[in-house]
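Colleague: Input query-v7.txt, format and content: compact mmCIF, C-alpha atoms.
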# COMPACT_ATOMS: atom_id res chain seq x y z
CA ALA X 1 27.75 -11.22 22.31
CA GLN X 2 24.05 -10.73 22.04
CA SER X 3 22.22 -12.25 19.10
CA VAL X 4 18.75 -12.19 17.65
CA SER X 5 17.16 -15.29 16.14
CA GLN X 6 14.28 -15.35 13.73
CA HIS X 7 13.47 -18.96 13.12
CA ASN X 8 11.02 -18.48 10.27
CA HIS X 9 12.95 -17.49 7.18
CA HIS X 10 10.11 -17.63 4.68
CA VAL X 11 6.40 -17.72 5.49
CA ILE X 12 3.63 -18.08 2.94
CA LEU X 13 0.05 -17.32 4.00
CA SER X 14 -3.28 -16.76 2.37
CA GLU X 15 -5.12 -13.51 2.94
CA ALA X 16 -7.08 -13.41 6.22
CA ALA X 17 -4.82 -16.01 7.82
CA SER X 18 -3.29 -15.24 11.19
CA LEU X 19 0.39 -14.47 11.48
CA GLU X 20 2.95 -15.09 14.17
CA LEU X 21 6.66 -14.52 13.56
CA GLY X 22 9.11 -15.66 16.17
CA CYS X 23 11.96 -13.61 17.60
CA ASN X 24 14.32 -14.65 20.37
CA TYR X 25 17.31 -12.78 21.72
CA SER X 26 20.22 -13.83 23.86
CA TYR X 27 20.96 -10.75 25.94
CA GLY X 28 20.22 -11.18 29.65
CA GLY X 29 19.86 -7.59 30.80
CA THR X 30 17.39 -4.83 30.07
CA VAL X 31 16.68 -4.52 26.39
CA ASN X 32 14.76 -2.38 23.98
CA LEU X 33 13.04 -4.38 21.25
CA PHE X 34 11.90 -3.45 17.79
CA TRP X 35 10.20 -4.86 14.74
CA TYR X 36 11.00 -3.24 11.42
CA VAL X 37 9.32 -3.96 8.09
CA GLN X 38 10.87 -3.66 4.64
CA TYR X 39 8.41 -3.62 1.75
CA PRO X 40 9.78 -4.75 -1.63
CA GLY X 41 12.31 -2.23 -2.92
CA GLN X 42 11.93 0.07 0.06
CA HIS X 43 13.86 0.93 3.19
CA LEU X 44 13.26 -0.31 6.71
CA GLN X 45 10.37 1.25 8.57
CA LEU X 46 9.51 0.91 12.23
CA LEU X 47 6.53 -1.33 12.87
CA LEU X 48 6.52 -1.24 16.66
CA LYS X 49 8.81 -0.99 19.66
CA TYR X 50 9.01 -2.04 23.29
CA PHE X 51 10.92 -0.07 25.90
CA SER X 52 9.08 -0.84 29.13
CA GLY X 53 5.61 -1.21 30.63
CA ASP X 54 2.82 -3.29 29.10
CA PRO X 55 4.49 -6.27 27.42
CA LEU X 56 1.82 -6.34 24.73
CA VAL X 57 2.73 -3.66 22.25
CA LYS X 58 0.51 -2.46 19.44
CA GLY X 59 2.02 -1.06 16.28
CA ILE X 60 0.87 0.22 12.95
CA LYS X 61 -1.32 -1.62 10.46
CA GLY X 62 -2.84 -3.95 13.04
CA PHE X 63 0.41 -5.56 14.14
CA GLU X 64 1.20 -6.33 17.75
CA ALA X 65 4.04 -8.01 19.61
CA GLU X 66 4.35 -9.58 23.02
CA PHE X 67 7.47 -9.35 25.13
CA ILE X 68 7.93 -12.46 27.28
CA LYS X 69 10.96 -11.83 29.43
CA SER X 70 11.21 -15.38 30.77
CA LYS X 71 11.40 -16.72 27.23
CA PHE X 72 13.61 -13.94 25.83
CA SER X 73 11.03 -13.58 23.08
CA PHE X 74 9.31 -10.78 21.23
CA ASN X 75 6.98 -12.44 18.74
CA LEU X 76 5.09 -10.44 16.14
CA ARG X 77 1.41 -11.15 15.48
CA LYS X 78 -1.41 -10.05 13.26
CA PRO X 79 -4.88 -11.65 13.39
CA SER X 80 -5.64 -11.32 9.69
CA VAL X 81 -2.98 -10.59 7.08
CA GLN X 82 -3.52 -8.75 3.82
CA TRP X 83 -1.75 -9.01 0.49
CA SER X 84 -0.17 -5.62 1.23
CA ASP X 85 1.62 -7.15 4.23
CA THR X 86 3.95 -8.97 1.85
CA ALA X 87 7.37 -7.79 3.01
CA GLU X 88 10.42 -8.76 5.00
CA TYR X 89 10.21 -8.39 8.76
CA PHE X 90 13.20 -7.79 11.00
CA CYS X 91 13.39 -8.13 14.75
CA ALA X 92 16.05 -5.97 16.45
CA VAL X 93 17.44 -5.56 19.93
CA ASN X 94 19.17 -2.63 21.58
CA PRO X 95 20.62 -3.62 24.95
CA GLY X 96 21.34 -0.07 26.02
CA ARG X 97 23.89 0.58 23.30
CA ARG X 98 23.26 2.83 20.36
CA ALA X 99 23.60 0.16 17.73
CA LEU X 100 20.84 -2.31 16.97
CA THR X 101 21.43 -6.00 16.48
CA PHE X 102 19.11 -7.32 13.79
CA GLY X 103 17.79 -10.79 13.20
CA SER X 104 18.20 -12.38 9.79
CA GLY X 105 14.71 -11.40 8.74
CA THR X 106 11.54 -13.29 7.82
CA ARG X 107 10.17 -12.99 4.34
CA LEU X 108 6.37 -12.99 4.40
CA GLN X 109 4.46 -13.71 1.24
CA VAL X 110 0.69 -13.25 1.37
CA GLN X 111 -1.26 -14.86 -1.45
CA PRO X 112 -4.53 -13.23 -2.52
CA ASP Q 1 11.19 16.64 8.08
CA ALA Q 2 12.71 15.07 4.97
CA GLY Q 3 13.96 12.01 6.79
CA VAL Q 4 17.36 10.45 6.24
CA ILE Q 5 18.65 11.28 2.77
CA GLN Q 6 21.03 9.05 0.86
CA SER Q 7 22.70 9.51 -2.49
CA PRO Q 8 23.04 8.12 -5.00
CA ARG Q 9 20.08 5.74 -4.94
CA HIS Q 10 21.73 3.46 -7.44
CA GLU Q 11 25.37 3.09 -8.35
CA VAL Q 12 26.88 0.82 -10.96
CA THR Q 13 30.64 0.76 -11.21
CA GLU Q 14 33.47 -1.42 -12.37
CA MET Q 15 35.78 -3.40 -10.17
CA GLY Q 16 38.69 -1.31 -8.95
CA GLN Q 17 36.86 2.00 -9.04
CA GLU Q 18 36.33 4.21 -6.02
CA VAL Q 19 32.76 4.50 -4.75
CA THR Q 20 31.47 7.17 -2.39
CA LEU Q 21 28.08 6.88 -0.73
CA ARG Q 22 26.54 9.88 1.00
CA CYS Q 23 24.14 10.32 3.87
CA LYS Q 24 22.39 13.26 5.47
CA PRO Q 25 20.85 12.34 8.84
CA ILE Q 26 17.68 13.81 10.25
CA SER Q 27 18.34 17.25 11.67
CA GLY Q 28 18.94 17.10 15.42
CA HIS Q 29 19.92 13.45 15.43
CA ASN Q 30 23.33 12.87 16.95
CA SER Q 31 24.01 9.24 16.07
CA LEU Q 32 24.50 7.89 12.57
CA PHE Q 33 24.80 4.31 11.41
CA TRP Q 34 25.91 2.62 8.20
CA TYR Q 35 24.48 -0.83 7.39
CA ARG Q 36 24.97 -3.23 4.51
CA GLN Q 37 22.26 -5.61 3.36
CA THR Q 38 22.88 -8.68 1.21
CA MET Q 39 20.94 -11.86 0.59
CA MET Q 40 23.72 -13.97 2.04
CA ARG Q 41 24.50 -12.02 5.20
CA GLY Q 42 21.33 -10.06 5.87
CA LEU Q 43 21.60 -6.66 7.55
CA GLU Q 44 25.04 -5.90 9.00
CA LEU Q 45 26.16 -2.88 10.97
CA LEU Q 46 29.34 -1.47 9.43
CA ILE Q 47 30.06 1.55 11.62
CA TYR Q 48 28.32 4.11 13.76
CA PHE Q 49 29.05 7.64 14.95
CA ASN Q 50 28.01 9.56 18.04
CA ASN Q 51 28.37 13.33 17.76
CA ASN Q 52 30.43 12.87 14.57
CA VAL Q 53 32.92 10.57 16.29
CA PRO Q 54 33.26 6.94 15.15
CA ILE Q 55 32.33 4.69 18.08
CA ASP Q 56 32.37 1.19 16.66
CA ASP Q 57 33.85 0.30 13.29
CA SER Q 58 34.27 -3.40 13.97
CA GLY Q 59 31.79 -4.21 11.24
CA MET Q 60 33.81 -2.57 8.50
CA PRO Q 61 34.85 -5.49 6.28
CA GLU Q 62 38.39 -4.43 5.49
CA ASP Q 63 40.68 -1.51 4.86
CA ARG Q 64 39.07 -0.84 1.51
CA PHE Q 65 36.13 0.61 3.43
CA SER Q 66 36.29 3.95 5.21
CA ALA Q 67 33.68 6.26 6.68
CA LYS Q 68 33.76 9.88 7.73
CA MET Q 69 31.42 12.31 9.38
CA PRO Q 70 32.91 15.79 9.00
CA ASN Q 71 29.89 17.48 10.55
CA ALA Q 72 26.52 16.70 12.12
CA SER Q 73 24.66 16.79 8.82
CA PHE Q 74 26.82 14.71 6.51
CA SER Q 75 28.56 11.36 6.34
CA THR Q 76 30.31 9.39 3.63
CA LEU Q 77 31.11 5.73 3.16
CA LYS Q 78 33.92 5.13 0.70
CA ILE Q 79 35.04 1.90 -0.92
CA GLN Q 80 38.42 1.98 -2.65
CA PRO Q 81 39.03 -0.14 -4.63
CA SER Q 82 35.61 -1.68 -5.09
CA GLU Q 83 35.10 -5.40 -5.73
CA PRO Q 84 32.11 -7.39 -7.03
CA ARG Q 85 31.50 -8.84 -3.56
CA ASP Q 86 30.79 -5.32 -2.31
CA SER Q 87 27.56 -5.33 -4.31
CA ALA Q 88 24.77 -4.76 -1.80
CA VAL Q 89 22.28 -2.20 -0.56
CA TYR Q 90 23.88 0.24 1.86
CA PHE Q 91 21.58 1.90 4.39
CA CYS Q 92 22.21 4.89 6.55
CA ALA Q 93 20.20 5.42 9.74
CA SER Q 94 20.11 8.08 12.42
CA THR Q 95 18.78 8.43 15.92
CA GLN Q 96 18.41 11.10 18.54
CA ARG Q 97 19.89 10.91 22.01
CA GLY Q 98 17.36 9.63 24.51
CA THR Q 99 15.23 7.66 22.07
CA SER Q 100 16.47 4.31 23.36
CA GLY Q 101 17.86 3.14 20.07
CA LEU Q 102 14.94 4.02 17.81
CA GLN Q 103 16.56 4.45 14.40
CA PHE Q 104 15.21 5.99 11.23
CA PHE Q 105 16.49 4.54 8.00
CA GLY Q 106 17.26 6.16 4.68
CA PRO Q 107 16.12 4.72 1.34
CA GLY Q 108 19.45 3.01 0.75
CA THR Q 109 21.99 2.98 -2.06
CA ARG Q 110 21.97 -0.08 -4.29
CA LEU Q 111 25.57 -0.67 -5.32
CA THR Q 112 26.52 -2.98 -8.16
CA VAL Q 113 30.18 -3.62 -8.83
CA LEU Q 114 30.79 -5.33 -12.16
As structure tokens, how would this structure be written, given the file I've shared?

Modeller:
Amino acid sequence: AQSVSQHNHHVILSEAASLELGCNYSYGGTVNLFWYVQYPGQHLQLLLKYFSGDPLVKGIKGFEAEFIKSKFSFNLRKPSVQWSDTAEYFCAVNPGRRALTFGSGTRLQVQP
Amino acid sequence: DAGVIQSPRHEVTEMGQEVTLRCKPISGHNSLFWYRQTMMRGLELLIYFNNNVPIDDSGMPEDRFSAKMPNASFSTLKIQPSEPRDSAVYFCASTQRGTSGLQFFGPGTRLTVL
């Protein structure tokens, strides 16, 4: 069965620091990839998605992610984080099925 | 569009009571998903429907849990009898055919079973 691994469970950064959150998946075929964000007390919102084409995907709020097929990775990046980026970030994979498989999430805490 | 609507937003009940969670998907979406989120287990898919038909309920923890989708605009998740370990946030999500899995989530129902 496919799985999604997020190796960073809790990340603490200062404002203006650069961010990279890792995501690896185990499915070998064609996949659709997503990053969702969950702000404290809120529901999951889509940050960005990759279906095909340019492997560097730009999302909302200055986030981007790079799909590296050979590494089965879809890491999330942001050059300069803000306090308002404090949230939990979930990587998800949809290998053609309707249901998403989510990673365990990474809790990001940005200190002012 | 109002987005995915869930009710109630918060539910506190006592062990042994029946709990019913409700979800209204986005109009025009034909797939609906129920997830449970806990600190220990993260985000888990419980069940999902395509065109009101349950497709995969392998994530439903046990027979105490049941889900229905009587029509395209309404779904329920019922727990009977409830137990303290069912305490979690339950999310409903929906998606439209052809969107390659892009799901829109509701605000969730925070369930506390005492």

Colleague: Between Q:Gly101, Q:Pro61, Q:Pro25, Q:Pro81, which residue has the minimum interatomic distance to chain X, considering all atoms listed in the file?

Modeller: Q:Gly101

Colleague: One decimal, in Å: what's the spacing between CA of Asp57 in chain Q and CA of Thr95 in chain Q?

Modeller: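 Straight-line distance from CA of Asp57 in chain Q to CA of Thr95 in chain Q works out to 17.3 Å.
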
Colleague: Nearest to chain X among Q:Ala88, Q:Ile47, Q:Ala2, Q:Val53, with distances taken over only C-alpha atoms: which residue is it?

Modeller: Q:Ile47

Colleague: Pick from X:Leu44, X:Val81, X:Leu13, X:Val110: nearest to chain Q, with all atoms listed in the file counted?

Modeller: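 Nearest candidate to chain Q out of X:Leu44, X:Val81, X:Leu13, X:Val110: X:Leu44.
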
Colleague: Counting all atoms listed in the file, which of Q:Ser66, Q:Ser87, Q:Gly16, Q:Arg9 gets nearest to chain X?

Modeller: Q:Arg9

Colleague: If you count only C-alpha atoms, which residues fall within 12 Å of Leu21 in chain X, apart from same-chain ones fewer than 6 positions away, as a PDB file with C-alpha atoms, keeping the file's coordinate frame?

Modeller:
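Once everything was written out, this is around30.pdb:
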ATOM      1  CA  SER X   5      17.160 -15.290  16.140  1.00  0.00           C
ATOM      2  CA  GLN X   6      14.280 -15.350  13.730  1.00  0.00           C
ATOM      3  CA  HIS X   7      13.470 -18.960  13.120  1.00  0.00           C
ATOM      4  CA  ASN X   8      11.020 -18.480  10.270  1.00  0.00           C
ATOM      5  CA  HIS X   9      12.950 -17.490   7.180  1.00  0.00           C
ATOM      6  CA  HIS X  10      10.110 -17.630   4.680  1.00  0.00           C
ATOM      7  CA  VAL X  11       6.400 -17.720   5.490  1.00  0.00           C
ATOM      8  CA  ILE X  12       3.630 -18.080   2.940  1.00  0.00           C
ATOM      9  CA  LEU X  13       0.050 -17.320   4.000  1.00  0.00           C
ATOM     10  CA  TRP X  35      10.200  -4.860  14.740  1.00  0.00           C
ATOM     11  CA  PHE X  63       0.410  -5.560  14.140  1.00  0.00           C
ATOM     12  CA  GLU X  64       1.200  -6.330  17.750  1.00  0.00           C
ATOM     13  CA  ALA X  65       4.040  -8.010  19.610  1.00  0.00           C
ATOM     14  CA  GLU X  66       4.350  -9.580  23.020  1.00  0.00           C
ATOM     15  CA  SER X  73      11.030 -13.580  23.080  1.00  0.00           C
ATOM     16  CA  PHE X  74       9.310 -10.780  21.230  1.00  0.00           C
ATOM     17  CA  ASN X  75       6.980 -12.440  18.740  1.00  0.00           C
ATOM     18  CA  LEU X  76       5.090 -10.440  16.140  1.00  0.00           C
ATOM     19  CA  ARG X  77       1.410 -11.150  15.480  1.00  0.00           C
ATOM     20  CA  LYS X  78      -1.410 -10.050  13.260  1.00  0.00           C
ATOM     21  CA  PRO X  79      -4.880 -11.650  13.390  1.00  0.00           C
ATOM     22  CA  GLU X  88      10.420  -8.760   5.000  1.00  0.00           C
ATOM     23  CA  TYR X  89      10.210  -8.390   8.760  1.00  0.00           C
ATOM     24  CA  PHE X  90      13.200  -7.790  11.000  1.00  0.00           C
ATOM     25  CA  CYS X  91      13.390  -8.130  14.750  1.00  0.00           C
ATOM     26  CA  GLY X 103      17.790 -10.790  13.200  1.00  0.00           C
ATOM     27  CA  GLY X 105      14.710 -11.400   8.740  1.00  0.00           C
ATOM     28  CA  THR X 106      11.540 -13.290   7.820  1.00  0.00           C
ATOM     29  CA  ARG X 107      10.170 -12.990   4.340  1.00  0.00           C
ATOM     30  CA  LEU X 108       6.370 -12.990   4.400  1.00  0.00           C
TER      31      LEU X 108
END

Colleague: Near chain Q, meaning an atom within 8 Å, which residues of chain X appear when counting all atoms listed in the file? Write them as a ChimeraX atom specification.

Modeller: /X:32,42-46,51,94,96-105

Colleague: Please return as a list in words every residue within 8 Å of (-1.6, -9.2, -3.7), taking into account only C-alpha atoms and the file's own coordinates.

Modeller: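 Final list of nearby residues, as requested, is Gln82, Trp83, Ser84, Thr86, Val110, Gln111 and Pro112 of chain X.
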
Colleague: For CA of Arg85 in chain Q and CA of Leu21 in chain Q, determine how far apart the two atoms are, in Å to one decimal place.

Modeller: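 Going from CA of Arg85 in chain Q over to CA of Leu21 in chain Q, I get 16.3 Å.
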
Colleague: For a cut-off of 10 Å around (18.0, -13.3, 28.0), file coordinates, pick out all residues using all atoms listed in the file and list them as a ChimeraX atom specification.

Modeller: /X:2-3,24-31,69-73

Colleague: Pull C-alpha atoms from the residues just selected and write them as a PDB file, in the coordinates of the input.

Modeller:
ATOM      1  CA  GLN X   2      24.050 -10.730  22.040  1.00  0.00           C
ATOM      2  CA  SER X   3      22.220 -12.250  19.100  1.00  0.00           C
ATOM      3  CA  ASN X  24      14.320 -14.650  20.370  1.00  0.00           C
ATOM      4  CA  TYR X  25      17.310 -12.780  21.720  1.00  0.00           C
ATOM      5  CA  SER X  26      20.220 -13.830  23.860  1.00  0.00           C
ATOM      6  CA  TYR X  27      20.960 -10.750  25.940  1.00  0.00           C
ATOM      7  CA  GLY X  28      20.220 -11.180  29.650  1.00  0.00           C
ATOM      8  CA  GLY X  29      19.860  -7.590  30.800  1.00  0.00           C
ATOM      9  CA  THR X  30      17.390  -4.830  30.070  1.00  0.00           C
ATOM     10  CA  VAL X  31      16.680  -4.520  26.390  1.00  0.00           C
ATOM     11  CA  LYS X  69      10.960 -11.830  29.430  1.00  0.00           C
ATOM     12  CA  SER X  70      11.210 -15.380  30.770  1.00  0.00           C
ATOM     13  CA  LYS X  71      11.400 -16.720  27.230  1.00  0.00           C
ATOM     14  CA  PHE X  72      13.610 -13.940  25.830  1.00  0.00           C
ATOM     15  CA  SER X  73      11.030 -13.580  23.080  1.00  0.00           C
TER      16      SER X  73
END

Colleague: Could you tell me how far CA of Ser18 in chain X lies from CA of Gly41 in chain X, in Å and to one decimal?

Modeller: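 According to the coordinates, CA of Ser18 in chain X and CA of Gly41 in chain X are separated by 24.7 Å.
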
Colleague: Looking at only C-alpha atoms, which of Q:Thr112, Q:Gln37, Q:Asn52, Q:Gln17 is the one that sits closest to Phe74 in chain Q?

Modeller: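 Among the listed residues, the smallest separation from Phe74 in chain Q belongs to Q:Asn52.
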